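Engineer: So here's entry_17.cif (mmCIF, C-alpha atoms (C1' of nucleotides)).
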data_coords
#
loop_
_atom_site.label_atom_id
_atom_site.label_comp_id
_atom_site.auth_asym_id
_atom_site.auth_seq_id
_atom_site.Cartn_x
_atom_site.Cartn_y
_atom_site.Cartn_z
CA MET A 1 14.47 18.99 12.45
CA THR A 2 13.34 17.69 9.09
CA TYR A 3 14.24 14.40 7.48
CA ASP A 4 14.74 13.60 3.83
CA ILE A 5 11.83 11.38 2.98
CA MET A 6 13.95 9.64 0.37
CA SER A 7 16.25 8.41 3.10
CA ALA A 8 15.66 4.84 4.17
CA SER A 9 15.88 5.86 7.82
CA CYS A 10 13.28 8.63 7.56
CA PRO A 11 10.60 8.06 10.21
CA SER A 12 7.91 9.45 7.92
CA ARG A 13 8.18 6.25 5.95
CA ILE A 14 6.71 4.34 8.86
CA VAL A 15 3.72 6.65 8.90
CA LEU A 16 3.35 6.64 5.14
CA ARG A 17 3.31 2.89 5.10
CA ARG A 18 0.56 2.77 7.68
CA ILE A 19 -1.45 5.31 5.74
CA GLY A 20 -0.90 3.31 2.59
CA ALA A 21 -2.18 0.11 4.18
CA ARG A 22 -4.93 -1.45 2.16
CA TRP A 23 -7.95 -0.29 4.16
CA THR A 24 -6.76 2.72 6.16
CA VAL A 25 -8.27 5.30 3.86
CA PHE A 26 -11.66 3.60 3.93
CA ILE A 27 -11.78 3.20 7.68
CA VAL A 28 -10.71 6.77 8.38
CA ASN A 29 -13.21 8.11 5.88
CA ALA A 30 -15.98 5.92 7.29
CA LEU A 31 -15.33 7.41 10.72
CA GLU A 32 -15.37 10.94 9.38
CA HIS A 33 -18.66 12.08 10.84
CA GLU A 34 -19.36 9.88 13.85
CA PRO A 35 -18.17 6.96 15.96
CA MET A 36 -19.06 3.56 14.58
CA ARG A 37 -19.35 0.03 15.86
CA PHE A 38 -17.36 -2.88 14.53
CA THR A 39 -20.19 -4.45 12.58
CA ALA A 40 -21.31 -1.09 11.25
CA LEU A 41 -17.82 -0.53 9.86
CA ALA A 42 -17.72 -4.02 8.39
CA THR A 43 -21.08 -3.40 6.72
CA ARG A 44 -20.24 0.04 5.45
CA ILE A 45 -16.85 -0.87 4.02
CA GLN A 46 -17.78 -3.48 1.48
CA GLY A 47 -15.24 -6.19 0.86
CA ILE A 48 -13.33 -5.97 4.12
CA THR A 49 -13.18 -9.09 6.28
CA PRO A 50 -13.51 -9.09 10.09
CA LYS A 51 -9.92 -10.23 10.46
CA VAL A 52 -8.44 -7.44 8.40
CA LEU A 53 -10.80 -4.87 9.90
CA ALA A 54 -9.73 -5.87 13.40
CA GLU A 55 -6.05 -5.84 12.48
CA THR A 56 -6.23 -2.47 10.80
CA LEU A 57 -8.21 -0.95 13.67
CA ARG A 58 -5.56 -2.20 16.12
CA SER A 59 -2.86 -0.58 14.03
CA LEU A 60 -4.71 2.70 13.82
CA GLU A 61 -5.33 2.58 17.54
CA GLU A 62 -1.67 1.86 18.22
CA ASP A 63 -0.72 4.91 16.19
CA GLY A 64 -3.18 7.12 18.03
CA LEU A 65 -5.44 7.71 15.03
CA VAL A 66 -8.48 5.85 16.34
CA SER A 67 -9.81 5.39 19.85
CA ARG A 68 -11.63 2.26 20.99
CA THR A 69 -14.34 2.49 23.63
CA VAL A 70 -15.92 -0.56 25.25
CA PHE A 71 -19.40 -0.17 26.73
CA ASP A 72 -19.96 -2.83 29.38
CA GLU A 73 -23.34 -3.94 28.18
CA ASN A 74 -25.08 -6.98 26.89
CA PRO A 75 -24.95 -7.49 23.97
CA PRO A 76 -21.35 -6.26 23.67
CA HIS A 77 -20.90 -2.72 22.44
CA VAL A 78 -17.64 -1.30 21.12
CA GLU A 79 -17.27 2.01 19.38
CA TYR A 80 -14.44 3.30 17.23
CA GLU A 81 -13.84 7.00 16.82
CA LEU A 82 -11.26 9.22 15.21
CA THR A 83 -8.92 10.97 17.59
CA GLU A 84 -7.92 14.55 16.94
CA LEU A 85 -4.84 13.20 15.17
CA GLY A 86 -7.07 10.93 13.11
CA ARG A 87 -9.33 13.83 12.17
CA SER A 88 -6.31 15.81 11.03
CA LEU A 89 -5.50 12.95 8.68
CA LEU A 90 -8.94 13.32 7.11
CA VAL A 91 -7.79 16.40 5.23
CA PRO A 92 -5.00 14.87 3.13
CA LEU A 93 -6.84 11.56 2.76
CA ARG A 94 -9.91 13.31 1.45
CA ALA A 95 -7.72 15.05 -1.10
CA VAL A 96 -6.41 11.70 -2.27
CA ARG A 97 -9.88 10.19 -2.38
CA GLU A 98 -11.22 13.11 -4.37
CA TRP A 99 -8.32 12.87 -6.79
CA ALA A 100 -9.10 9.20 -7.30
CA GLU A 101 -12.78 9.88 -7.90
CA GLU A 102 -12.06 12.71 -10.28
CA HIS A 103 -9.40 11.00 -12.35
CA VAL A 104 -10.55 7.41 -12.41
CA PRO A 105 -11.96 7.73 -15.94
CA THR A 106 -8.63 9.03 -17.22
CA VAL A 107 -6.72 6.23 -15.56
CA LEU A 108 -9.08 3.57 -16.83
CA ALA A 109 -8.88 5.07 -20.32
CA ALA A 110 -5.08 4.94 -20.17
CA ARG A 111 -5.25 1.31 -19.19
CA ALA A 112 -7.72 0.52 -21.95
CA ALA A 113 -5.53 2.28 -24.49
CA ARG A 114 -2.55 0.22 -23.36
CA ALA A 115 -4.55 -2.97 -23.57
CA ALA A 116 -5.73 -2.12 -27.08
CA LEU A 117 -2.16 -1.41 -28.20
CA ARG A 118 -0.83 -4.63 -26.73
CA PRO A 119 -1.26 -7.21 -29.51
CA THR A 120 -0.97 -10.95 -29.00
CA ASP A 121 1.02 -11.44 -32.20
CA ALA A 122 0.17 -8.92 -34.91
CA GLY A 123 1.34 -5.46 -34.40
CA MET B 124 -21.81 9.98 -12.31
CA THR B 125 -20.40 9.42 -8.86
CA TYR B 126 -19.74 6.14 -7.11
CA ASP B 127 -19.83 5.29 -3.44
CA ILE B 128 -16.24 4.64 -2.53
CA MET B 129 -17.38 2.21 0.12
CA SER B 130 -18.88 0.00 -2.56
CA ALA B 131 -16.73 -2.93 -3.57
CA SER B 132 -17.37 -2.21 -7.23
CA CYS B 133 -16.32 1.44 -7.04
CA PRO B 134 -13.64 2.05 -9.69
CA SER B 135 -11.89 4.57 -7.46
CA ARG B 136 -10.70 1.66 -5.39
CA ILE B 137 -8.49 0.54 -8.25
CA VAL B 138 -6.87 3.96 -8.37
CA LEU B 139 -6.57 4.22 -4.61
CA ARG B 140 -4.83 0.89 -4.47
CA ARG B 141 -2.32 1.97 -7.06
CA ILE B 142 -1.67 5.19 -5.20
CA GLY B 143 -1.24 3.24 -2.00
CA ALA B 144 1.30 0.90 -3.53
CA ARG B 145 4.45 0.75 -1.51
CA TRP B 146 6.65 3.11 -3.54
CA THR B 147 4.26 5.21 -5.60
CA VAL B 148 4.44 8.26 -3.36
CA PHE B 149 8.22 8.24 -3.42
CA ILE B 150 8.53 7.84 -7.16
CA VAL B 151 5.99 10.53 -7.93
CA ASN B 152 7.61 12.90 -5.48
CA ALA B 153 11.07 12.15 -6.86
CA LEU B 154 9.85 13.10 -10.32
CA GLU B 155 8.27 16.30 -9.06
CA HIS B 156 10.72 18.77 -10.57
CA GLU B 157 12.35 17.02 -13.52
CA PRO B 158 12.61 13.83 -15.56
CA MET B 159 14.92 11.23 -14.08
CA ARG B 160 16.77 8.17 -15.28
CA PHE B 161 16.25 4.71 -13.90
CA THR B 162 19.49 4.62 -11.94
CA ALA B 163 18.99 8.15 -10.68
CA LEU B 164 15.61 7.14 -9.28
CA ALA B 165 17.07 4.00 -7.74
CA THR B 166 19.79 6.09 -6.10
CA ARG B 167 17.48 8.84 -4.91
CA ILE B 168 14.86 6.55 -3.43
CA GLN B 169 16.84 4.70 -0.84
CA GLY B 170 15.79 1.15 -0.13
CA ILE B 171 14.00 0.42 -3.40
CA THR B 172 15.29 -2.47 -5.48
CA PRO B 173 15.61 -2.37 -9.29
CA LYS B 174 12.94 -5.02 -9.62
CA VAL B 175 10.33 -3.17 -7.63
CA LEU B 176 11.28 0.16 -9.19
CA ALA B 177 10.81 -1.31 -12.67
CA GLU B 178 7.49 -2.90 -11.73
CA THR B 179 6.13 0.22 -10.12
CA LEU B 180 7.23 2.39 -13.03
CA ARG B 181 5.42 0.03 -15.43
CA SER B 182 2.28 0.31 -13.36
CA LEU B 183 2.47 4.07 -13.24
CA GLU B 184 3.10 4.15 -16.97
CA GLU B 185 0.15 1.86 -17.61
CA ASP B 186 -2.08 4.20 -15.64
CA GLY B 187 -0.84 7.22 -17.56
CA LEU B 188 0.89 8.83 -14.58
CA VAL B 189 4.45 8.48 -15.86
CA SER B 190 5.88 8.59 -19.37
CA ARG B 191 8.89 6.57 -20.43
CA THR B 192 11.25 7.91 -23.08
CA VAL B 193 14.04 5.86 -24.59
CA PHE B 194 17.00 7.73 -26.09
CA ASP B 195 18.73 5.53 -28.62
CA GLU B 196 22.23 6.17 -27.43
CA ASN B 197 25.17 4.32 -26.05
CA PRO B 198 25.28 3.91 -23.12
CA PRO B 199 21.49 3.33 -22.87
CA HIS B 200 19.45 6.28 -21.72
CA VAL B 201 15.88 6.07 -20.45
CA GLU B 202 14.03 8.93 -18.83
CA TYR B 203 10.91 8.85 -16.71
CA GLU B 204 8.73 11.89 -16.39
CA LEU B 205 5.41 12.77 -14.83
CA THR B 206 2.54 13.22 -17.27
CA GLU B 207 0.04 15.99 -16.71
CA LEU B 208 -2.10 13.47 -14.88
CA GLY B 209 0.89 12.50 -12.76
CA ARG B 210 1.60 16.12 -11.91
CA SER B 211 -1.99 16.58 -10.80
CA LEU B 212 -1.44 13.72 -8.39
CA LEU B 213 1.46 15.61 -6.84
CA VAL B 214 -0.95 17.89 -5.02
CA PRO B 215 -2.77 15.32 -2.86
CA LEU B 216 0.34 13.19 -2.44
CA ARG B 217 2.31 16.16 -1.19
CA ALA B 218 -0.43 16.79 1.33
CA VAL B 219 -0.12 13.23 2.58
CA ARG B 220 3.67 13.45 2.72
CA GLU B 221 3.53 16.71 4.63
CA TRP B 222 1.02 15.26 7.07
CA ALA B 223 3.37 12.34 7.66
CA GLU B 224 6.34 14.62 8.22
CA GLU B 225 4.42 16.87 10.55
CA HIS B 226 2.78 14.20 12.67
CA VAL B 227 5.41 11.51 12.81
CA PRO B 228 6.53 12.52 16.33
CA THR B 229 2.95 12.22 17.59
CA VAL B 230 2.51 8.81 16.01
CA LEU B 231 5.81 7.54 17.34
CA ALA B 232 4.93 8.87 20.79
CA ALA B 233 1.59 7.04 20.67
CA ARG B 234 3.39 3.84 19.79
CA ALA B 235 5.92 4.32 22.54
CA ALA B 236 3.15 4.96 25.08
CA ARG B 237 1.41 1.76 23.99
CA ALA B 238 4.64 -0.18 24.28
CA ALA B 239 5.26 1.19 27.77
CA LEU B 240 1.73 0.24 28.87
CA ARG B 241 2.00 -3.26 27.48
CA PRO B 242 3.49 -5.30 30.32
CA THR B 243 5.02 -8.73 29.93
CA ASP B 244 3.48 -9.96 33.18
CA ALA B 245 3.07 -7.22 35.77
CA GLY B 246 0.25 -4.78 35.28
"C1'" DC C 247 28.25 0.77 -16.96
"C1'" DC C 248 22.85 1.20 -17.62
"C1'" DG C 249 18.42 -0.94 -17.54
"C1'" DC C 250 16.19 -4.21 -16.54
"C1'" DA C 251 14.44 -9.94 -16.07
"C1'" DT C 252 14.47 -14.10 -13.20
"C1'" DC C 253 14.47 -17.09 -9.05
"C1'" DC C 254 13.25 -17.56 -4.38
"C1'" DG C 255 11.84 -16.29 0.48
"C1'" DA C 256 8.84 -13.29 3.67
"C1'" DC C 257 4.80 -10.91 4.88
"C1'" DG C 258 0.35 -8.67 4.34
"C1'" DC C 259 -4.06 -9.72 2.77
"C1'" DG C 260 -8.24 -12.66 1.82
"C1'" DA C 261 -11.90 -16.54 2.43
"C1'" DT C 262 -13.85 -19.54 5.57
"C1'" DA C 263 -15.14 -21.24 9.96
"C1'" DC C 264 -15.51 -20.90 14.90
"C1'" DT C 265 -15.79 -18.60 19.88
"C1'" DG C 266 -17.00 -15.46 24.20
"C1'" DC D 267 -22.18 -8.29 18.63
"C1'" DA D 268 -17.34 -8.44 18.32
"C1'" DG D 269 -14.07 -10.52 17.32
"C1'" DT D 270 -10.23 -15.03 16.76
"C1'" DA D 271 -8.08 -19.31 14.32
"C1'" DT D 272 -6.53 -21.36 10.24
"C1'" DC D 273 -4.92 -21.75 5.71
"C1'" DG D 274 -3.57 -20.11 1.02
"C1'" DC D 275 -2.20 -16.60 -2.33
"C1'" DG D 276 -0.41 -12.31 -4.24
"C1'" DT D 277 2.71 -8.69 -3.73
"C1'" DC D 278 7.04 -7.08 -1.93
"C1'" DG D 279 11.94 -7.57 -1.22
"C1'" DG D 280 16.92 -9.54 -1.82
"C1'" DA D 281 20.26 -11.73 -4.72
"C1'" DT D 282 21.77 -12.81 -9.09
"C1'" DG D 283 22.20 -12.80 -14.24
"C1'" DC D 284 21.95 -10.79 -18.94
"C1'" DG D 285 21.50 -7.77 -23.25
"C1'" DG D 286 23.02 -3.36 -25.42
#
For the structure just supplied, provide its representation as structure tokens.

Structural biologist:
Amino acid sequence: MTYDIMSASCPSRIVLRRIGARWTVFIVNALEHEPMRFTALATRIQGITPKVLAETLRSLEEDGLVSRTVFDENPPHVEYELTELGRSLLVPLRAVREWAEEHVPTVLAARAARAALRPTDAG
Amino acid sequence: MTYDIMSASCPSRIVLRRIGARWTVFIVNALEHEPMRFTALATRIQGITPKVLAETLRSLEEDGLVSRTVFDENPPHVEYELTELGRSLLVPLRAVREWAEEHVPTVLAARAARAALRPTDAG
DNA sequence: CCGCATCCGACGCGATACTG
DNA sequence: CAGTATCGCGTCGGATGCGG
């Protein structure tokens, strides 16, 4: 059974929204090769705050994309790892990331052209 | 010259954020096969409001992904169409959409399992 | 009737500081 | 080390109005 993604009730929209969340693509890509600890993720993904990192990881965990493993040690040790479902998401996300990297000059040029054409008064 | 996408100053982040905007994937996919008018887009993409549709279209236009053509007729006639850059974005976005459609049952099942395991008081 | 612009509320996101 | 608590802002969304 397939849904029309343009329909408001289409379940894929829920998933798409999660994927489109601000930091999902960075977290999933950071976990591409190996499990990582919380602080390692926070260090690797520049600009993310602990709060948002924790929230996003919870969401990804809830959706079965990331698994969270607690090692009962001192100091505390928690590892995050992609599940098989999460690894399957790597493929399309990498395509998006590569598109962004490849076309960023074109996009920035388009923006600059717009800005140059937008006069304050003369025109 | 390549940037590290994990760096806060990486320009790709700007592009990724635009791609991840709430309705971008729907608009781009709606324009996949042919130019569309404002109202046609609003009708096709269920749940979007005119305000957000207009805003998102402006953003996409600013980034050179969508072109806007005004036909000087009565009644007014405006068409939106993917640029070549926009069409190139179709490829990765379609991959994401297809991933969502394919894996939505798994994600929903993971959520349901979480919900079932989350007790109000009993464990 | 088509294509928006404006006003206002809700929520996700961000900076800072603090805890087990 | 691995988070949580608090507060503020920007973006998103709904309702309404307006020009051609």

Engineer: Would you kindly translate the PyMOL selection byres ((chain C and resi 248) around 8) into the concrete residues it picks from this file, as JSON, numbers by chain?

Structural biologist: {"B": [162, 198, 199, 200], "C": [247, 249]}

Engineer: What does chain A look like after a least-squares fit onto chain B on every Cα paired in order, written as an mmCIF file with C-alpha atoms, in the coordinates of the input?

Structural biologist:
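Output contents, as saved in superposed11.cif:
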data_model
loop_
_atom_site.group_PDB
_atom_site.id
_atom_site.type_symbol
_atom_site.label_atom_id
_atom_site.label_comp_id
_atom_site.auth_asym_id
_atom_site.auth_seq_id
_atom_site.Cartn_x
_atom_site.Cartn_y
_atom_site.Cartn_z
ATOM 1 C CA MET A 1 -21.972 10.038 -12.196
ATOM 2 C CA THR A 2 -20.402 9.466 -8.810
ATOM 3 C CA TYR A 3 -19.742 6.163 -7.114
ATOM 4 C CA ASP A 4 -19.856 5.313 -3.443
ATOM 5 C CA ILE A 5 -16.265 4.657 -2.551
ATOM 6 C CA MET A 6 -17.397 2.215 0.112
ATOM 7 C CA SER A 7 -18.881 0.017 -2.576
ATOM 8 C CA ALA A 8 -16.745 -2.933 -3.558
ATOM 9 C CA SER A 9 -17.373 -2.210 -7.232
ATOM 10 C CA CYS A 10 -16.294 1.437 -7.053
ATOM 11 C CA PRO A 11 -13.625 2.066 -9.701
ATOM 12 C CA SER A 12 -11.861 4.571 -7.459
ATOM 13 C CA ARG A 13 -10.680 1.639 -5.408
ATOM 14 C CA ILE A 14 -8.489 0.521 -8.276
ATOM 15 C CA VAL A 15 -6.853 3.926 -8.388
ATOM 16 C CA LEU A 16 -6.545 4.175 -4.630
ATOM 17 C CA ARG A 17 -4.826 0.844 -4.496
ATOM 18 C CA ARG A 18 -2.297 1.908 -7.085
ATOM 19 C CA ILE A 19 -1.654 5.126 -5.219
ATOM 20 C CA GLY A 20 -1.270 3.170 -2.017
ATOM 21 C CA ALA A 21 1.321 0.847 -3.532
ATOM 22 C CA ARG A 22 4.464 0.737 -1.487
ATOM 23 C CA TRP A 23 6.656 3.079 -3.529
ATOM 24 C CA THR A 24 4.256 5.185 -5.598
ATOM 25 C CA VAL A 25 4.432 8.224 -3.371
ATOM 26 C CA PHE A 26 8.225 8.225 -3.414
ATOM 27 C CA ILE A 27 8.538 7.829 -7.153
ATOM 28 C CA VAL A 28 5.985 10.521 -7.938
ATOM 29 C CA ASN A 29 7.600 12.901 -5.484
ATOM 30 C CA ALA A 30 11.068 12.153 -6.851
ATOM 31 C CA LEU A 31 9.843 13.109 -10.314
ATOM 32 C CA GLU A 32 8.285 16.313 -9.063
ATOM 33 C CA HIS A 33 10.724 18.772 -10.567
ATOM 34 C CA GLU A 34 12.358 17.047 -13.524
ATOM 35 C CA PRO A 35 12.620 13.853 -15.554
ATOM 36 C CA MET A 36 14.931 11.249 -14.094
ATOM 37 C CA ARG A 37 16.784 8.194 -15.286
ATOM 38 C CA PHE A 38 16.301 4.734 -13.874
ATOM 39 C CA THR A 39 19.521 4.649 -11.899
ATOM 40 C CA ALA A 40 19.005 8.186 -10.659
ATOM 41 C CA LEU A 41 15.625 7.154 -9.267
ATOM 42 C CA ALA A 42 17.091 4.028 -7.709
ATOM 43 C CA THR A 43 19.804 6.130 -6.071
ATOM 44 C CA ARG A 44 17.500 8.857 -4.884
ATOM 45 C CA ILE A 45 14.869 6.558 -3.416
ATOM 46 C CA GLN A 46 16.853 4.706 -0.815
ATOM 47 C CA GLY A 47 15.795 1.161 -0.116
ATOM 48 C CA ILE A 48 14.013 0.420 -3.371
ATOM 49 C CA THR A 49 15.294 -2.487 -5.452
ATOM 50 C CA PRO A 50 15.616 -2.432 -9.262
ATOM 51 C CA LYS A 51 12.922 -5.071 -9.587
ATOM 52 C CA VAL A 52 10.333 -3.192 -7.590
ATOM 53 C CA LEU A 53 11.299 0.126 -9.165
ATOM 54 C CA ALA A 54 10.817 -1.333 -12.634
ATOM 55 C CA GLU A 55 7.508 -2.935 -11.698
ATOM 56 C CA THR A 56 6.145 0.197 -10.104
ATOM 57 C CA LEU A 57 7.253 2.373 -13.021
ATOM 58 C CA ARG A 58 5.463 0.007 -15.426
ATOM 59 C CA SER A 59 2.308 0.294 -13.365
ATOM 60 C CA LEU A 60 2.488 4.059 -13.246
ATOM 61 C CA GLU A 61 3.122 4.139 -16.965
ATOM 62 C CA GLU A 62 0.180 1.837 -17.609
ATOM 63 C CA ASP A 63 -2.052 4.185 -15.652
ATOM 64 C CA GLY A 64 -0.833 7.218 -17.558
ATOM 65 C CA LEU A 65 0.901 8.833 -14.585
ATOM 66 C CA VAL A 66 4.462 8.503 -15.862
ATOM 67 C CA SER A 67 5.881 8.603 -19.365
ATOM 68 C CA ARG A 68 8.921 6.596 -20.435
ATOM 69 C CA THR A 69 11.258 7.953 -23.092
ATOM 70 C CA VAL A 70 14.050 5.898 -24.642
ATOM 71 C CA PHE A 71 16.995 7.771 -26.148
ATOM 72 C CA ASP A 72 18.708 5.582 -28.733
ATOM 73 C CA GLU A 73 22.218 6.136 -27.521
ATOM 74 C CA ASN A 74 25.128 4.233 -26.163
ATOM 75 C CA PRO A 75 25.220 3.791 -23.231
ATOM 76 C CA PRO A 76 21.449 3.281 -22.945
ATOM 77 C CA HIS A 77 19.450 6.272 -21.802
ATOM 78 C CA VAL A 78 15.890 6.110 -20.503
ATOM 79 C CA GLU A 79 14.061 8.943 -18.845
ATOM 80 C CA TYR A 80 10.938 8.878 -16.715
ATOM 81 C CA GLU A 81 8.739 11.924 -16.395
ATOM 82 C CA LEU A 82 5.426 12.789 -14.829
ATOM 83 C CA THR A 83 2.566 13.244 -17.242
ATOM 84 C CA GLU A 84 0.061 16.009 -16.677
ATOM 85 C CA LEU A 85 -2.098 13.465 -14.860
ATOM 86 C CA GLY A 86 0.899 12.488 -12.754
ATOM 87 C CA ARG A 87 1.611 16.116 -11.897
ATOM 88 C CA SER A 88 -1.985 16.557 -10.793
ATOM 89 C CA LEU A 89 -1.442 13.696 -8.368
ATOM 90 C CA LEU A 90 1.455 15.609 -6.824
ATOM 91 C CA VAL A 91 -0.968 17.891 -5.017
ATOM 92 C CA PRO A 92 -2.790 15.323 -2.866
ATOM 93 C CA LEU A 93 0.337 13.201 -2.422
ATOM 94 C CA ARG A 94 2.286 16.174 -1.170
ATOM 95 C CA ALA A 95 -0.470 16.808 1.345
ATOM 96 C CA VAL A 96 -0.146 13.257 2.605
ATOM 97 C CA ARG A 97 3.632 13.467 2.737
ATOM 98 C CA GLU A 98 3.505 16.726 4.647
ATOM 99 C CA TRP A 99 1.004 15.270 7.085
ATOM 100 C CA ALA A 100 3.344 12.354 7.684
ATOM 101 C CA GLU A 101 6.323 14.627 8.249
ATOM 102 C CA GLU A 102 4.393 16.891 10.561
ATOM 103 C CA HIS A 103 2.768 14.220 12.686
ATOM 104 C CA VAL A 104 5.407 11.530 12.830
ATOM 105 C CA PRO A 105 6.498 12.536 16.345
ATOM 106 C CA THR A 106 2.930 12.234 17.607
ATOM 107 C CA VAL A 107 2.491 8.835 16.027
ATOM 108 C CA LEU A 108 5.785 7.549 17.352
ATOM 109 C CA ALA A 109 4.908 8.885 20.804
ATOM 110 C CA ALA A 110 1.571 7.059 20.675
ATOM 111 C CA ARG A 111 3.359 3.869 19.786
ATOM 112 C CA ALA A 112 5.901 4.339 22.553
ATOM 113 C CA ALA A 113 3.136 4.991 25.058
ATOM 114 C CA ARG A 114 1.406 1.786 23.994
ATOM 115 C CA ALA A 115 4.623 -0.161 24.275
ATOM 116 C CA ALA A 116 5.271 1.214 27.757
ATOM 117 C CA LEU A 117 1.754 0.273 28.875
ATOM 118 C CA ARG A 118 2.021 -3.236 27.493
ATOM 119 C CA PRO A 119 3.543 -5.280 30.335
ATOM 120 C CA THR A 120 4.966 -8.763 29.920
ATOM 121 C CA ASP A 121 3.385 -10.016 33.141
ATOM 122 C CA ALA A 122 2.994 -7.317 35.782
ATOM 123 C CA GLY A 123 0.400 -4.763 35.191
#

Engineer: Determine, counting all atoms listed in the file, which protein, DNA and RNA residues have an atom within 10 Å of an atom of D:DA271; residues of the same chain fewer than 3 positions away are not included. Present the result as a list of chain:residue names.

Structural biologist: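 What passes the distance filter is C:DA263, C:DC264, C:DT265.
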
Engineer: Using C-alpha atoms (C1' of nucleotides), can you write the selected residues to a file as a short mmCIF file (atom, residue, chain, number, x, y, z; two decimals), keeping the file's coordinate frame?

Structural biologist:
data_model
loop_
_atom_site.label_atom_id
_atom_site.label_comp_id
_atom_site.auth_asym_id
_atom_site.auth_seq_id
_atom_site.Cartn_x
_atom_site.Cartn_y
_atom_site.Cartn_z
"C1'" DA C 263 -15.14 -21.24 9.96
"C1'" DC C 264 -15.51 -20.90 14.90
"C1'" DT C 265 -15.79 -18.60 19.88
#

Engineer: Can you list, as a PyMOL selection string, the residues that the PyMOL selection byres ((chain D and resi 273) around 12) selects here?

Structural biologist: (chain C and resi 260-263) or (chain D and resi 271-272+274-275)

Engineer: Keeping only C-alpha atoms (C1' of nucleotides), take the residues you just selected and write them out as an mmCIF file, in the coordinates of the input.

Structural biologist:
data_model
loop_
_atom_site.group_PDB
_atom_site.id
_atom_site.type_symbol
_atom_site.label_atom_id
_atom_site.label_comp_id
_atom_site.auth_asym_id
_atom_site.auth_seq_id
_atom_site.Cartn_x
_atom_site.Cartn_y
_atom_site.Cartn_z
ATOM 1 C "C1'" DG C 260 -8.240 -12.660 1.820
ATOM 2 C "C1'" DA C 261 -11.900 -16.540 2.430
ATOM 3 C "C1'" DT C 262 -13.850 -19.540 5.570
ATOM 4 C "C1'" DA C 263 -15.140 -21.240 9.960
ATOM 5 C "C1'" DA D 271 -8.080 -19.310 14.320
ATOM 6 C "C1'" DT D 272 -6.530 -21.360 10.240
ATOM 7 C "C1'" DG D 274 -3.570 -20.110 1.020
ATOM 8 C "C1'" DC D 275 -2.200 -16.600 -2.330
#

Engineer: Can you translate the PyMOL selection byres ((chain B and resi 157) around 10) into the concrete residues it hits in this file, as a short mmCIF file (atom, residue, chain, number, x, y, z; two decimals) with C-alpha atoms, in the coordinates of the input?

Structural biologist:
data_model
loop_
_atom_site.label_atom_id
_atom_site.label_comp_id
_atom_site.auth_asym_id
_atom_site.auth_seq_id
_atom_site.Cartn_x
_atom_site.Cartn_y
_atom_site.Cartn_z
CA ALA B 153 11.07 12.15 -6.86
CA LEU B 154 9.85 13.10 -10.32
CA GLU B 155 8.27 16.30 -9.06
CA HIS B 156 10.72 18.77 -10.57
CA PRO B 158 12.61 13.83 -15.56
CA MET B 159 14.92 11.23 -14.08
CA GLU B 202 14.03 8.93 -18.83
CA TYR B 203 10.91 8.85 -16.71
CA GLU B 204 8.73 11.89 -16.39
CA LEU B 205 5.41 12.77 -14.83
#

Engineer: Leaving out C:DT252 and any residue of its chain fewer than 4 positions from it, which residues lie within 12 Å of it when counting only C-alpha atoms (C1' of nucleotides), given as a PyMOL selection string?

Structural biologist: (chain B and resi 174) or (chain D and resi 281-284)

Engineer: Using only C-alpha atoms (C1' of nucleotides), find each residue of chain A with at least one atom at most 12 Å away from an atom of chain D; report its shortest atom-to-atom pair and that distance in Å (one decimal), sort the rows by chain and rising residue number, and return the result as CSV.

Structural biologist:
residue,atom,partner,partner_atom,distance
A:Arg37,CA,D:DA268,C1',9.0
A:Phe38,CA,D:DA268,C1',6.7
A:Thr39,CA,D:DC267,C1',7.4
A:Ala40,CA,D:DC267,C1',10.3
A:Leu41,CA,D:DA268,C1',11.6
A:Ala42,CA,D:DA268,C1',10.9
A:Thr49,CA,D:DG269,C1',11.2
A:Pro50,CA,D:DG269,C1',7.4
A:Lys51,CA,D:DT270,C1',7.9
A:Val52,CA,D:DG269,C1',11.0
A:Leu53,CA,D:DG269,C1',9.9
A:Ala54,CA,D:DG269,C1',7.5
A:Glu55,CA,D:DG269,C1',10.5
A:Leu57,CA,D:DG269,C1',11.8
A:Arg58,CA,D:DG269,C1',12.0
A:Val70,CA,D:DA268,C1',10.6
A:Phe71,CA,D:DC267,C1',11.8
A:Glu73,CA,D:DC267,C1',10.6
A:Asn74,CA,D:DC267,C1',8.9
A:Pro75,CA,D:DC267,C1',6.1
A:Pro76,CA,D:DC267,C1',5.5
A:His77,CA,D:DC267,C1',6.9
A:Val78,CA,D:DA268,C1',7.7
A:Glu79,CA,D:DA268,C1',10.5

Engineer: Counting all atoms listed in the file, which residues of chain A sit at most 6 Å from some atom of chain B, and what is each one's closest atom pair with its distance in Å to one decimal, listed by chain and rising residue number, as a tab-separated table?

Structural biologist:
residue	atom	partner	partner_atom	distance
A:Met6	CA	B:Ile168	CA	5.0
A:Ser7	CA	B:Gln169	CA	5.4
A:Ala8	CA	B:Gln169	CA	5.1
A:Ser12	CA	B:Ala223	CA	5.4
A:Val15	CA	B:Ala223	CA	5.8
A:Gly20	CA	B:Gly143	CA	4.6
A:Ile45	CA	B:Met129	CA	5.0
A:Gln46	CA	B:Ala131	CA	5.2
A:Gly47	CA	B:Ala131	CA	5.7
A:Glu62	CA	B:Arg234	CA	5.7
A:Asp63	CA	B:Val230	CA	5.1
A:Gly64	CA	B:Ala233	CA	5.5
A:Pro92	CA	B:Val219	CA	5.2
A:Ala95	CA	B:Pro215	CA	5.3
A:Val96	CA	B:Pro215	CA	5.2
A:Ala100	CA	B:Ser135	CA	5.4
A:Glu101	CA	B:Ser135	CA	5.4
A:Val104	CA	B:Ser135	CA	5.9
A:Val107	CA	B:Asp186	CA	5.1
A:Ala110	CA	B:Gly187	CA	5.5
A:Arg111	CA	B:Asp186	CA	5.6

Engineer: For atom CA of B:Thr192 and atom CA of B:Arg210, determine how far apart the two atoms are, in Å to one decimal place.

Structural biologist: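 Taking atom CA of B:Thr192 as the start and atom CA of B:Arg210 as the end point, the length is 16.9 Å.
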